[in-house]
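Enquirer: Following this line is final21.txt, made up of compact mmCIF, C-alpha atoms and all ligand atoms:
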```txt
# COMPACT_ATOMS: atom_id res chain seq x y z
CA MET A 238 -18.99 0.42 12.75
CA ASN A 239 -18.97 4.14 13.43
CA ILE A 240 -16.76 4.78 10.38
CA SER A 241 -18.99 2.56 8.27
CA ASP A 242 -22.14 4.38 9.46
CA SER A 243 -20.52 7.74 8.64
CA GLU A 244 -19.74 6.49 5.13
CA ARG A 245 -23.44 5.73 4.66
CA ILE A 246 -24.46 9.17 5.94
CA ALA A 247 -21.96 10.75 3.49
CA GLY A 248 -23.32 8.55 0.67
CA LEU A 249 -26.86 9.71 1.36
CA LEU A 250 -25.86 13.38 1.50
CA ASN A 251 -23.82 13.11 -1.71
CA SER A 252 -26.83 11.62 -3.48
CA ILE A 253 -28.93 14.68 -2.67
CA GLY A 254 -26.33 17.21 -3.76
CA PHE A 255 -24.16 17.85 -0.69
CA ILE A 256 -20.38 17.75 -0.79
CA HIS A 257 -18.00 17.06 2.07
CA SER A 258 -16.10 20.13 3.24
CA PRO A 259 -12.68 19.70 4.82
CA SER A 260 -13.28 22.98 6.65
CA LEU A 261 -15.67 23.21 9.58
CA GLU A 262 -15.83 27.01 9.22
CA LYS A 263 -16.99 26.85 5.62
CA SER A 264 -19.54 24.08 6.06
CA SER A 265 -23.20 24.93 6.57
CA LEU A 266 -24.21 21.55 7.98
CA ILE A 267 -22.42 19.48 10.63
CA ILE A 268 -23.37 15.88 11.34
CA VAL A 269 -22.04 14.37 14.57
CA ASN A 270 -22.07 10.57 14.64
CA PHE A 271 -21.93 9.54 18.32
CA CYS A 272 -20.42 6.45 19.91
CA SER A 273 -21.59 5.64 23.45
CA VAL A 274 -19.77 2.38 24.02
CA ARG A 275 -17.76 4.05 26.75
CA GLN A 276 -18.57 7.18 28.70
CA SER A 277 -15.25 8.71 27.58
CA ALA A 278 -16.20 8.35 23.89
CA PHE A 279 -19.53 10.05 24.54
CA ASP A 280 -17.87 12.85 26.56
CA ARG A 281 -15.35 13.53 23.80
CA ALA A 282 -18.11 13.89 21.21
CA MET A 283 -20.07 16.16 23.59
CA ASN A 284 -17.05 18.42 24.03
CA LYS A 285 -16.76 18.85 20.27
CA LEU A 286 -20.48 19.44 19.91
CA LYS A 287 -20.45 22.22 22.54
CA ASN A 288 -17.79 24.13 20.61
CA PHE A 289 -19.48 24.24 17.21
CA SER A 290 -20.77 27.58 16.01
CA LYS A 291 -24.47 28.10 16.71
CA GLU A 292 -24.87 29.51 13.17
CA LYS A 293 -24.49 26.05 11.63
CA ILE A 294 -27.19 23.44 11.39
CA ILE A 295 -26.04 20.59 13.60
CA ILE A 296 -27.61 17.15 13.32
CA THR A 297 -26.65 14.33 15.66
CA THR A 298 -26.97 10.61 15.08
CA GLY A 299 -25.33 7.30 16.05
CA CYS A 300 -25.36 5.53 19.41
CA VAL A 301 -26.89 7.77 22.07
CA LEU A 302 -28.74 6.55 25.14
CA GLU A 303 -32.31 7.78 25.59
CA LYS A 304 -31.36 9.67 28.77
CA ASP A 305 -28.51 11.49 26.95
CA LYS A 306 -30.62 12.64 23.99
CA LYS A 307 -31.93 15.67 25.85
CA LEU A 308 -28.40 16.80 26.69
CA VAL A 309 -27.24 16.23 23.11
CA ASN A 310 -30.16 18.23 21.75
CA THR A 311 -29.24 21.23 23.93
CA PHE A 312 -26.30 21.79 21.60
CA ALA A 313 -27.76 20.42 18.33
CA ASP A 314 -30.73 21.16 16.12
CA CYS A 315 -32.04 17.62 16.16
CA PHE A 316 -31.21 13.94 16.64
CA VAL A 317 -31.85 11.38 13.89
CA PRO A 318 -31.57 7.66 14.79
CA ILE A 319 -28.87 5.93 12.77
CA ASP A 320 -31.26 3.30 11.40
CA GLY A 321 -33.63 6.08 10.31
CA ILE A 322 -31.17 8.39 8.56
CA SER A 323 -33.06 7.95 5.28
CA ILE A 324 -35.43 10.65 6.61
CA MET A 325 -32.48 13.09 6.62
CA PRO A 326 -33.41 14.74 3.25
CA ALA A 327 -36.86 15.65 4.57
CA ILE A 328 -35.32 17.09 7.74
CA LEU A 329 -32.75 19.09 5.77
CA LYS A 330 -35.55 20.57 3.65
CA GLN A 331 -37.19 21.81 6.84
CA TYR A 332 -33.96 23.62 7.71
CA GLY A 333 -34.03 25.39 4.33
CA PHE A 334 -31.47 23.31 2.42
CA LYS A 335 -32.02 22.74 -1.28
CA ILE A 336 -32.31 19.04 -2.02
CA LYS A 337 -31.55 17.51 -5.42
CA LYS A 338 -34.62 15.88 -6.99
CA ASN A 339 -33.51 12.25 -6.84
CA GLU A 340 -34.18 11.97 -3.14
CA PRO A 341 -33.60 8.29 -2.17
CA LYS A 342 -36.63 6.29 -1.16
CA THR A 343 -34.78 3.76 0.99
CA SER A 344 -36.33 2.70 4.27
CA HIS A 345 -33.23 1.46 6.16
CA TYR A 346 -29.75 2.89 6.36
CA LEU A 347 -28.15 -0.44 5.40
CA LYS A 348 -29.68 0.02 1.91
CA ILE A 349 -27.93 3.36 1.36
CA SER A 350 -24.86 3.32 -0.92
CA PRO A 351 -21.84 4.47 1.11
CA ALA A 352 -19.23 7.03 0.13
CA TYR A 353 -16.15 4.93 0.96
CA GLN A 354 -13.37 6.88 2.68
CA SER A 355 -10.58 4.55 1.64
CA LYS A 356 -9.51 2.99 -1.63
CA ILE A 357 -7.66 0.25 0.27
CA ILE A 358 -10.03 -0.96 3.01
CA ALA A 359 -13.82 -1.18 2.85
CA TYR A 360 -16.18 -1.79 5.76
CA ILE A 361 -19.40 -3.63 4.95
CA PRO A 362 -22.04 -3.78 7.67
CA ILE A 363 -23.77 -7.14 7.40
CA MET A 364 -26.04 -6.65 10.38
CA THR A 365 -26.82 -4.11 13.04
CA GLY A 366 -28.14 -4.21 16.58
CA CYS A 367 -27.64 -6.78 19.32
CA ASN A 368 -29.81 -9.29 21.19
CA ASN A 369 -27.27 -10.22 23.84
CA PHE A 370 -27.62 -7.68 26.64
CA CYS A 371 -24.23 -8.20 28.23
CA SER A 372 -24.84 -6.62 31.61
CA TYR A 373 -22.20 -3.86 31.17
CA CYS A 374 -23.07 -2.79 27.62
CA VAL A 375 -25.32 -0.04 26.26
CA VAL A 376 -25.31 -1.17 22.63
CA PRO A 377 -28.63 -3.08 22.71
CA TYR A 378 -30.24 0.11 24.07
CA THR A 379 -28.75 2.40 21.43
CA ARG A 380 -28.86 0.19 18.32
CA ASN A 381 -31.92 -1.96 19.09
CA ARG A 382 -32.29 -5.63 18.16
CA GLU A 383 -30.33 -7.53 15.50
CA ILE A 384 -31.25 -7.07 11.85
CA SER A 385 -29.30 -9.01 9.22
CA ARG A 386 -28.86 -7.51 5.81
CA PRO A 387 -30.01 -9.50 2.72
CA ILE A 388 -27.17 -11.75 1.59
CA ASN A 389 -27.40 -10.79 -2.11
CA ASN A 390 -27.15 -7.15 -1.17
CA ILE A 391 -23.89 -7.76 0.75
CA VAL A 392 -22.39 -9.96 -1.98
CA LYS A 393 -23.25 -7.33 -4.61
CA GLU A 394 -21.50 -4.62 -2.58
CA ALA A 395 -18.43 -6.84 -2.06
CA LYS A 396 -18.26 -7.76 -5.79
CA GLN A 397 -18.39 -4.10 -6.76
CA LEU A 398 -15.61 -3.29 -4.30
CA ALA A 399 -13.46 -6.18 -5.59
CA GLU A 400 -13.96 -5.01 -9.19
CA ASN A 401 -12.86 -1.54 -8.11
CA GLY A 402 -9.63 -3.00 -6.71
CA ILE A 403 -10.29 -2.85 -2.96
CA LYS A 404 -7.61 -4.75 -1.05
CA GLU A 405 -9.36 -5.63 2.20
CA ILE A 406 -13.01 -6.11 3.11
CA TRP A 407 -14.20 -6.04 6.73
CA LEU A 408 -17.58 -7.66 7.41
CA LEU A 409 -19.04 -5.78 10.35
CA GLY A 410 -21.70 -6.30 12.95
CA GLN A 411 -22.16 -6.22 16.72
CA ASN A 412 -22.17 -10.02 16.55
CA VAL A 413 -21.40 -11.25 13.03
CA ASN A 414 -21.50 -14.90 14.15
CA SER A 415 -25.25 -14.69 14.62
CA TYR A 416 -25.84 -13.34 11.09
CA LYS A 417 -29.00 -14.96 9.71
CA TYR A 418 -30.84 -14.00 6.56
CA LYS A 419 -33.58 -16.47 5.59
CA SER A 420 -31.73 -19.81 5.74
CA TYR A 421 -28.29 -18.23 5.25
CA LEU A 422 -25.86 -18.14 8.17
CA PHE A 423 -22.57 -16.30 8.56
CA SER A 424 -20.63 -19.32 7.25
CA ASP A 425 -22.70 -19.19 4.01
CA LEU A 426 -21.92 -15.49 3.66
CA LEU A 427 -18.19 -16.06 4.25
CA LYS A 428 -18.13 -18.71 1.51
CA LYS A 429 -19.91 -16.41 -0.94
CA ILE A 430 -17.56 -13.48 -0.28
CA ASN A 431 -14.56 -15.81 -0.46
CA ASP A 432 -15.72 -17.02 -3.90
CA ILE A 433 -15.71 -13.51 -5.39
CA LYS A 434 -12.95 -13.15 -7.96
CA GLY A 435 -10.13 -10.75 -7.16
CA ASP A 436 -7.06 -10.26 -5.04
CA PHE A 437 -8.38 -9.08 -1.68
CA TRP A 438 -8.38 -10.12 1.98
CA ILE A 439 -11.41 -10.64 4.19
CA ARG A 440 -11.69 -9.89 7.92
CA PHE A 441 -14.69 -9.77 10.21
CA MET A 442 -15.73 -8.45 13.62
CA SER A 443 -17.18 -8.65 16.27
CA SER A 444 -17.60 -12.30 17.23
CA HIS A 445 -19.41 -13.79 20.19
CA PRO A 446 -18.14 -17.13 21.61
CA LYS A 447 -21.69 -18.40 22.11
CA ASP A 448 -22.39 -18.23 18.34
CA LEU A 449 -19.07 -19.55 17.05
CA SER A 450 -20.27 -22.89 15.68
CA LYS A 451 -18.16 -25.87 14.55
CA ASP A 452 -19.34 -25.29 11.01
CA LEU A 453 -18.28 -21.63 11.13
CA ILE A 454 -14.84 -22.54 12.50
CA LYS A 455 -14.32 -25.02 9.67
CA THR A 456 -15.53 -22.57 7.01
CA PHE A 457 -13.30 -19.82 8.44
CA SER A 458 -10.24 -22.06 8.16
CA LEU A 459 -11.15 -23.24 4.65
CA CYS A 460 -11.88 -19.81 3.11
CA LYS A 461 -8.38 -18.82 2.03
CA LYS A 462 -9.12 -15.15 1.40
CA VAL A 463 -10.13 -14.79 5.05
CA ALA A 464 -7.06 -13.67 6.99
CA PRO A 465 -5.92 -15.96 9.85
CA TYR A 466 -6.88 -13.44 12.52
CA LEU A 467 -9.74 -13.58 15.01
CA ASN A 468 -10.81 -11.25 17.77
CA LEU A 469 -12.84 -13.37 20.16
CA PRO A 470 -13.85 -11.38 23.25
CA ILE A 471 -13.46 -13.35 26.49
CA GLN A 472 -14.35 -10.41 28.82
CA SER A 473 -13.38 -12.39 31.95
CA GLY A 474 -11.49 -15.59 32.76
CA ASP A 475 -13.82 -16.46 35.63
CA ASN A 476 -17.11 -18.33 35.24
CA LYS A 477 -18.91 -16.49 38.06
CA ILE A 478 -17.99 -13.09 36.63
CA LEU A 479 -19.03 -14.24 33.14
CA LYS A 480 -22.42 -15.13 34.58
CA LYS A 481 -22.74 -11.69 36.17
CA MET A 482 -21.76 -10.17 32.83
CA ASN A 483 -24.56 -12.18 31.20
CA ARG A 484 -22.06 -13.83 28.87
CA PRO A 485 -23.59 -17.29 28.35
CA TYR A 486 -20.49 -19.49 27.99
CA THR A 487 -17.98 -21.05 30.34
CA ILE A 488 -14.20 -20.86 30.29
CA ASN A 489 -14.05 -24.54 29.32
CA HIS A 490 -16.31 -23.88 26.34
CA TYR A 491 -14.20 -20.88 25.30
CA LYS A 492 -11.02 -22.97 25.57
CA SER A 493 -12.54 -25.76 23.49
CA LEU A 494 -13.38 -23.19 20.78
CA ILE A 495 -9.76 -22.02 20.69
CA ASN A 496 -8.46 -25.61 20.54
CA ASN A 497 -10.82 -26.39 17.70
CA LEU A 498 -9.90 -23.18 15.82
CA ARG A 499 -6.18 -23.90 16.11
CA LYS A 500 -6.69 -27.53 15.10
CA GLU A 501 -8.73 -26.62 11.98
CA PHE A 502 -6.17 -24.01 10.90
CA LYS A 503 -3.34 -26.55 11.27
CA LYS A 504 -5.33 -29.06 9.25
CA ASN A 505 -6.64 -26.82 6.47
CA ARG A 506 -3.89 -24.25 5.87
CA LYS A 507 -0.19 -24.42 5.13
CA GLY A 508 2.90 -22.54 6.38
CA LEU A 509 2.33 -19.30 8.29
CA GLU A 510 -1.34 -19.36 7.28
CA SER A 511 -1.84 -22.35 9.57
CA ILE A 512 -1.04 -20.19 12.62
CA LEU A 513 -4.12 -18.40 13.93
CA SER A 514 -3.59 -14.96 15.38
CA LEU A 515 -5.97 -14.60 18.29
CA SER A 516 -6.84 -11.39 20.07
CA THR A 517 -9.48 -10.66 22.68
CA ASP A 518 -11.41 -8.01 24.59
CA VAL A 519 -11.44 -8.11 28.38
CA ILE A 520 -12.83 -6.01 31.21
CA VAL A 521 -10.96 -5.82 34.51
CA GLY A 522 -12.51 -4.72 37.80
CA PHE A 523 -16.09 -5.75 37.00
CA PRO A 524 -18.27 -5.31 40.13
CA THR A 525 -17.42 -7.96 42.79
CA GLU A 526 -14.34 -9.23 40.87
CA THR A 527 -11.98 -10.54 43.56
CA LYS A 528 -8.21 -10.79 43.28
CA LYS A 529 -8.57 -14.56 42.86
CA GLN A 530 -11.11 -14.12 40.08
CA PHE A 531 -8.79 -11.66 38.34
CA ASP A 532 -5.97 -14.21 38.71
CA ASN A 533 -8.17 -16.69 36.82
CA THR A 534 -8.23 -14.19 33.93
CA LEU A 535 -4.47 -13.69 34.19
CA ASN A 536 -3.80 -17.45 34.13
CA LEU A 537 -6.15 -17.94 31.20
CA PHE A 538 -4.26 -15.25 29.27
CA LYS A 539 -0.98 -17.07 29.94
CA GLU A 540 -2.51 -20.33 28.78
CA LEU A 541 -4.21 -19.08 25.61
CA GLN A 542 -1.27 -16.98 24.38
CA TYR A 543 -3.11 -14.11 22.74
CA SER A 544 -1.33 -12.11 20.03
CA ASN A 545 -3.07 -8.98 21.30
CA ALA A 546 -5.79 -7.87 23.73
CA TYR A 547 -7.98 -4.82 24.20
CA ILE A 548 -8.11 -4.32 27.96
CA ALA A 549 -10.72 -2.03 29.54
CA CYS A 550 -11.16 -1.03 33.17
CA TYR A 551 -14.84 -1.43 34.08
CA SER A 552 -16.82 1.79 34.13
CA PRO A 553 -20.53 1.85 35.02
CA ARG A 554 -22.91 2.75 32.18
CA SER A 555 -26.37 3.83 33.21
CA GLN A 556 -29.36 1.86 31.89
CA THR A 557 -27.32 -1.37 31.95
CA ALA A 558 -27.97 -4.22 34.41
CA ALA A 559 -24.46 -3.92 35.90
CA PHE A 560 -25.18 -0.29 36.79
CA LEU A 561 -27.31 -1.62 39.64
CA LEU A 562 -24.28 -3.46 41.10
CA LYS A 563 -21.89 -1.64 43.38
CA ASP A 564 -18.77 -0.58 41.46
CA SER A 565 -16.81 -2.39 44.19
CA VAL A 566 -13.27 -2.58 42.77
CA LEU A 567 -11.17 0.48 43.60
CA ASN A 568 -9.85 2.44 40.62
CA CYS A 569 -6.26 1.89 41.74
CA ASP A 570 -6.90 -1.89 41.79
CA LYS A 571 -8.49 -1.75 38.36
CA LYS A 572 -5.40 0.04 37.05
CA LYS A 573 -3.11 -2.48 38.77
CA ARG A 574 -5.00 -5.37 37.15
CA GLU A 575 -4.91 -3.63 33.77
CA ARG A 576 -1.10 -3.22 34.07
CA LYS A 577 -0.59 -6.87 35.07
CA LEU A 578 -2.66 -8.12 32.16
CA THR A 579 -0.90 -5.77 29.73
CA GLU A 580 2.46 -7.16 30.89
CA THR A 581 1.25 -10.71 30.23
CA VAL A 582 -0.11 -9.79 26.79
CA LYS A 583 3.22 -8.11 26.00
CA GLN A 584 4.99 -11.42 26.67
CA THR A 585 2.53 -13.61 24.75
CA ALA A 586 2.41 -11.13 21.85
CA LEU A 587 6.21 -11.15 21.64
CA GLN A 588 6.24 -14.95 21.66
CA PHE A 589 3.65 -14.93 18.91
CA ASN A 590 5.65 -12.48 16.79
CA ASN A 591 8.88 -14.44 17.37
CA GLN A 592 7.45 -17.22 15.19
CA PHE A 593 7.66 -14.80 12.25
CA LYS A 594 11.33 -13.80 12.65
CA ASP A 595 13.20 -14.20 9.30
CA LYS A 596 10.01 -15.39 7.60
CA ILE A 597 8.47 -13.80 4.53
CA VAL A 598 5.05 -12.30 5.15
CA ASP A 599 2.34 -10.79 2.95
CA VAL A 600 1.63 -7.18 3.80
CA LEU A 601 -1.02 -4.64 2.89
CA ILE A 602 0.49 -1.15 3.00
CA LEU A 603 -1.87 1.35 4.60
CA GLU A 604 0.07 4.58 5.03
CA LYS A 605 3.42 6.32 4.91
CA ILE A 606 4.78 7.97 8.05
CA LYS A 607 7.96 9.98 7.50
CA ASP A 608 10.37 7.65 5.67
CA ALA A 609 8.60 4.37 6.48
CA TYR A 610 5.54 2.55 5.22
CA ILE A 611 3.12 1.09 7.76
CA GLY A 612 0.99 -1.89 6.92
CA LYS A 613 -0.76 -4.92 8.31
CA THR A 614 0.19 -8.54 7.83
CA ARG A 615 -2.36 -11.29 7.27
CA HIS A 616 -2.07 -11.94 11.05
CA TYR A 617 -2.95 -8.31 11.75
CA GLN A 618 0.52 -7.41 13.00
CA THR A 619 1.52 -3.81 12.40
CA ILE A 620 4.63 -3.81 10.24
CA LYS A 621 7.06 -1.03 9.38
CA ILE A 622 8.98 -1.19 6.10
CA LYS A 623 11.58 1.32 4.94
CA THR A 624 11.96 1.62 1.18
CA LYS A 625 12.38 4.32 -1.45
CA LYS A 626 9.86 2.57 -3.71
CA ASN A 627 6.29 3.83 -3.77
CA ILE A 628 4.31 0.96 -2.27
CA SER A 629 1.30 2.94 -0.94
CA GLY A 630 -1.89 0.88 -0.87
CA LYS A 631 -0.18 -2.18 -2.35
CA PHE A 632 0.23 -5.81 -1.41
CA VAL A 633 3.94 -6.52 -0.89
CA LYS A 634 6.10 -9.29 0.52
CA ALA A 635 8.50 -8.51 3.34
CA LYS A 636 11.10 -10.42 5.32
CA VAL A 637 10.62 -9.95 9.06
CA ILE A 638 13.87 -8.56 10.47
CA LYS A 639 12.82 -7.36 13.96
CA VAL A 640 9.98 -8.27 16.28
CA PHE A 641 8.46 -6.36 19.19
CA PRO A 642 5.42 -7.16 21.36
CA PHE A 643 3.08 -4.95 19.37
CA GLY A 644 4.71 -4.63 15.97
CA ILE A 645 7.32 -5.96 13.61
CA GLU A 646 9.82 -4.51 11.19
CA GLY A 647 10.34 -5.89 7.70
CA LYS A 648 12.50 -5.57 4.63
CA LEU A 649 10.84 -5.39 1.24
CA VAL A 650 11.32 -8.55 -0.77
CA GLU A 651 11.67 -7.76 -4.46
CA LYS A 652 9.74 -10.00 -6.82
S1 LIG A 701 -22.54 -8.82 22.37
FE1 LIG A 701 -22.60 -7.87 24.40
S2 LIG A 701 -20.81 -6.47 24.36
FE2 LIG A 701 -21.27 -6.98 22.21
S3 LIG A 701 -22.66 -5.34 21.53
FE3 LIG A 701 -23.96 -7.03 22.25
S4 LIG A 701 -24.41 -6.52 24.40
FE4 LIG A 701 -22.65 -5.27 23.77
```
What is this structure when it is put down as structure tokens?
Ligand code: SF4

Expert:
Amino acid sequence: MNISDSERIAGLLNSIGFIHSPSLEKSSLIIVNFCSVRQSAFDRAMNKLKNFSKEKIIITTGCVLEKDKKLVNTFADCFVPIDGISIMPAILKQYGFKIKKNEPKTSHYLKISPAYQSKIIAYIPIMTGCNNFCSYCVVPYTRNREISRPINNIVKEAKQLAENGIKEIWLLGQNVNSYKYKSYLFSDLLKKINDIKGDFWIRFMSSHPKDLSKDLIKTFSLCKKVAPYLNLPIQSGDNKILKKMNRPYTINHYKSLINNLRKEFKKNRKGLESILSLSTDVIVGFPTETKKQFDNTLNLFKELQYSNAYIACYSPRSQTAAFLLKDSVLNCDKKKRERKLTETVKQTALQFNNQFKDKIVDVLILEKIKDAYIGKTRHYQTIKIKTKKNISGKFVKAKVIKVFPFGIEGKLVEK
């Protein structure tokens, strides 16, 4: 989302005559787009901000908590909310910058045309904000409530990208499953994007289990351009902890969603496409989490066989409801739990990848590192392919020759 927001800021600045400078020294304006999802992300951005030359005009935007804005502004000229960046031209004028005449008159940042960074992958925000108030999360306080973008607007952007030869489209939002524009839901949007002509893949994130409807599961499995990969955050494998996290679903409900997803993929897709790659986000060491409650998470991971997981040790974020709870789990225990869960994910990820050994997979090549190309499969596995051919940014087929827990190695299959 942060990358996507930055592309919109760049698009706005380009439209009023600014160009991106690869050199910080030579640039006259610096925009810092903050992420506050974790304290460490915020601290990293602050450290950069402190080191910028005071001779530059520095504007900050993005996700910043109200209480941090004062600190941010000590080192910057001003803060502009991300959903209000269309006022940027007027602000830049005040700082003495010359603005090209065709100053955009858009009211919301989602209406601004982005300057895409990549010719291979495009990120399309379909909504912004969040109504969920998970007790550990600052996002609802930094990005406000959910706003869904008009469906025609999104489809138009996707069509344009497809015509320009983009290979992968990511539909983005804090909770894409609750997308709602007039009577259109996320499943309607998926169908419309899937119907666009062209050879491209579709992915989406983030999803919330409470909004993953039966209809959406069916649509997901039937839309063949949508890659068979889903990140469905579980956050904890224990019902009591889920309640404290203000995540309104139970483990049984989550498991029934996974069963249904796997069943629909088996029914509606063929070959490797019928296998769903499932990853998750989880927090260990949430306040009051006992060893037994952590074991519930561990056992759930063994049962659900994730292909990957993003594991975070709980850290208190001020302004959130969980901040009022005692951060009761010792750091060393949090780390121990993180290591145990990582070990389990390593095993389940390896088992998942083993299913692909000697099979031929479709790959989108993203970059070249030394003598090997690195890409992603439809199942979002990272794959390394060695070849002398130039396959940068292309769709290729590869035979899987080696598998590891978090990656695979393939051999290019000539057409
Ligand atoms: S769904 Fe929960 S974790 Fe995700 S952005 Fe909203 S409040 Fe944060």

Enquirer: Near Cys569 in chain A, counting only C-alpha atoms, which residues have an atom at most 12 Å away, once you skip same-chain residues fewer than 4 positions from it, shown as a list in words?

Expert: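 The residues that qualify are Val521, Gly522, Cys550, Tyr551, Ser565, Lys573, Arg574, Glu575 and Arg576 of chain A.
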
Enquirer: What lies within 8 Å of Ile296 in chain A using all atoms listed in the file, ignoring chain neighbours under 6 positions off, as a ChimeraX atom specification?

Expert: /A:266-269,313-317

Enquirer: Let me see if you get this right: every residue at most 12 Å from ligand LIG 701 (chain A), counting only C-alpha atoms and all ligand atoms, written as JSON, numbers by chain.

Expert: {"A": [238, 273, 274, 275, 300, 364, 365, 366, 367, 368, 369, 370, 371, 372, 373, 374, 375, 376, 377, 378, 379, 380, 381, 382, 383, 409, 410, 411, 412, 413, 414, 415, 442, 443, 444, 445, 446, 447, 448, 469, 470, 471, 472, 479, 482, 483, 484, 485, 518, 519, 520, 554, 557, 558, 559]}

Enquirer: Residues near range 387-401 of chain A, anyone? I mean within 8 Å using all atoms listed in the file, not counting same-chain ones fewer than 5 positions away, as a PDB file with C-alpha atoms, in the frame of the given file.

Expert:
```pdb
ATOM      1  CA  ALA A 359     -13.820  -1.180   2.850  1.00  0.00           C
ATOM      2  CA  ILE A 361     -19.400  -3.630   4.950  1.00  0.00           C
ATOM      3  CA  ILE A 363     -23.770  -7.140   7.400  1.00  0.00           C
ATOM      4  CA  ILE A 406     -13.010  -6.110   3.110  1.00  0.00           C
ATOM      5  CA  TYR A 418     -30.840 -14.000   6.560  1.00  0.00           C
ATOM      6  CA  TYR A 421     -28.290 -18.230   5.250  1.00  0.00           C
ATOM      7  CA  LEU A 426     -21.920 -15.490   3.660  1.00  0.00           C
ATOM      8  CA  LYS A 429     -19.910 -16.410  -0.940  1.00  0.00           C
ATOM      9  CA  ILE A 430     -17.560 -13.480  -0.280  1.00  0.00           C
ATOM     10  CA  ILE A 433     -15.710 -13.510  -5.390  1.00  0.00           C
ATOM     11  CA  LYS A 434     -12.950 -13.150  -7.960  1.00  0.00           C
ATOM     12  CA  GLY A 435     -10.130 -10.750  -7.160  1.00  0.00           C
ATOM     13  CA  ASP A 436      -7.060 -10.260  -5.040  1.00  0.00           C
ATOM     14  CA  PHE A 437      -8.380  -9.080  -1.680  1.00  0.00           C
TER      15      PHE A 437
END
```

Enquirer: Just the number, please: distance in Å from CA of Lys451 in chain A to CA of Glu501 in chain A, one decimal.

Expert: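 Taking CA of Lys451 in chain A and CA of Glu501 in chain A, their separation equals 9.8 Å.
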
Enquirer: Rounded to one decimal, what separation in Å do you get between CA of Val463 in chain A and CA of Ser544 in chain A?

Expert: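 Straight-line distance from CA of Val463 in chain A to CA of Ser544 in chain A works out to 17.6 Å.
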
Enquirer: Compile the contact shell of range 534-543 of chain A as a PDB file with C-alpha atoms, keeping the file's coordinate frame: residues with an atom at most 6 Å away, counting only C-alpha atoms, same-chain residues fewer than 4 positions apart removed.

Expert:
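Output file part_10.pdb follows:
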```pdb
ATOM      1  CA  SER A 473     -13.380 -12.390  31.950  1.00  0.00           C
ATOM      2  CA  GLY A 474     -11.490 -15.590  32.760  1.00  0.00           C
ATOM      3  CA  LEU A 515      -5.970 -14.600  18.290  1.00  0.00           C
ATOM      4  CA  SER A 516      -6.840 -11.390  20.070  1.00  0.00           C
ATOM      5  CA  THR A 585       2.530 -13.610  24.750  1.00  0.00           C
TER       6      THR A 585
END
```

Enquirer: Quick check, in Å to one decimal: how far apart do CA of Gly299 in chain A and CA of Ile253 in chain A lie?

Expert: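 Here the two named atoms are 20.4 Å from each other.
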
Enquirer: Could you give me the axis-aligned bounding box of range 355-363 of chain A, with 6 Å of padding per side, as centre plus edge lengths in Å to one decimal, as AutoDock Vina command-line options?

Expert:
```
--center_x -15.7 --center_y -1.3 --center_z 3.0 --size_x 28.1 --size_y 23.7 --size_z 21.3
```

Enquirer: Let me make sure I understand: among A:Lys330, A:Arg440, A:Lys461, A:Lys625, which one has the smallest atom-to-atom distance to Lys404 in chain A if we use only C-alpha atoms?

Expert: A:Arg440

Enquirer: What lies within 12 Å of Ile349 in chain A using all atoms listed in the file, ignoring chain neighbours under 6 positions off, as a list in words?

Expert: Ser241, Asp242, Ser243, Glu244, Arg245, Ile246, Ala247, Gly248, Leu249, Leu250, Asn251, Ser252, Ile319, Asp320, Gly321, Ile322, Ser323, Ile324, Met325, Glu340, Pro341, Lys342, Thr343, Ile361, Pro362, Arg386, Asn390, Ile391 and Glu394 of chain A

Enquirer: My list of candidates is A:Gln584, A:Thr311, A:Asn545, A:Asn590. Which is closest to Leu509 in chain A when distances are computed with all atoms listed in the file?

Expert: A:Asn590

Enquirer: Nearest residue to Thr456 in chain A out of A:Asn284, A:Thr525, A:Asn505, A:Gln276, using all atoms listed in the file?

Expert: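 Comparing A:Asn284, A:Thr525, A:Asn505, A:Gln276 against Thr456 in chain A, the winner is A:Asn505.
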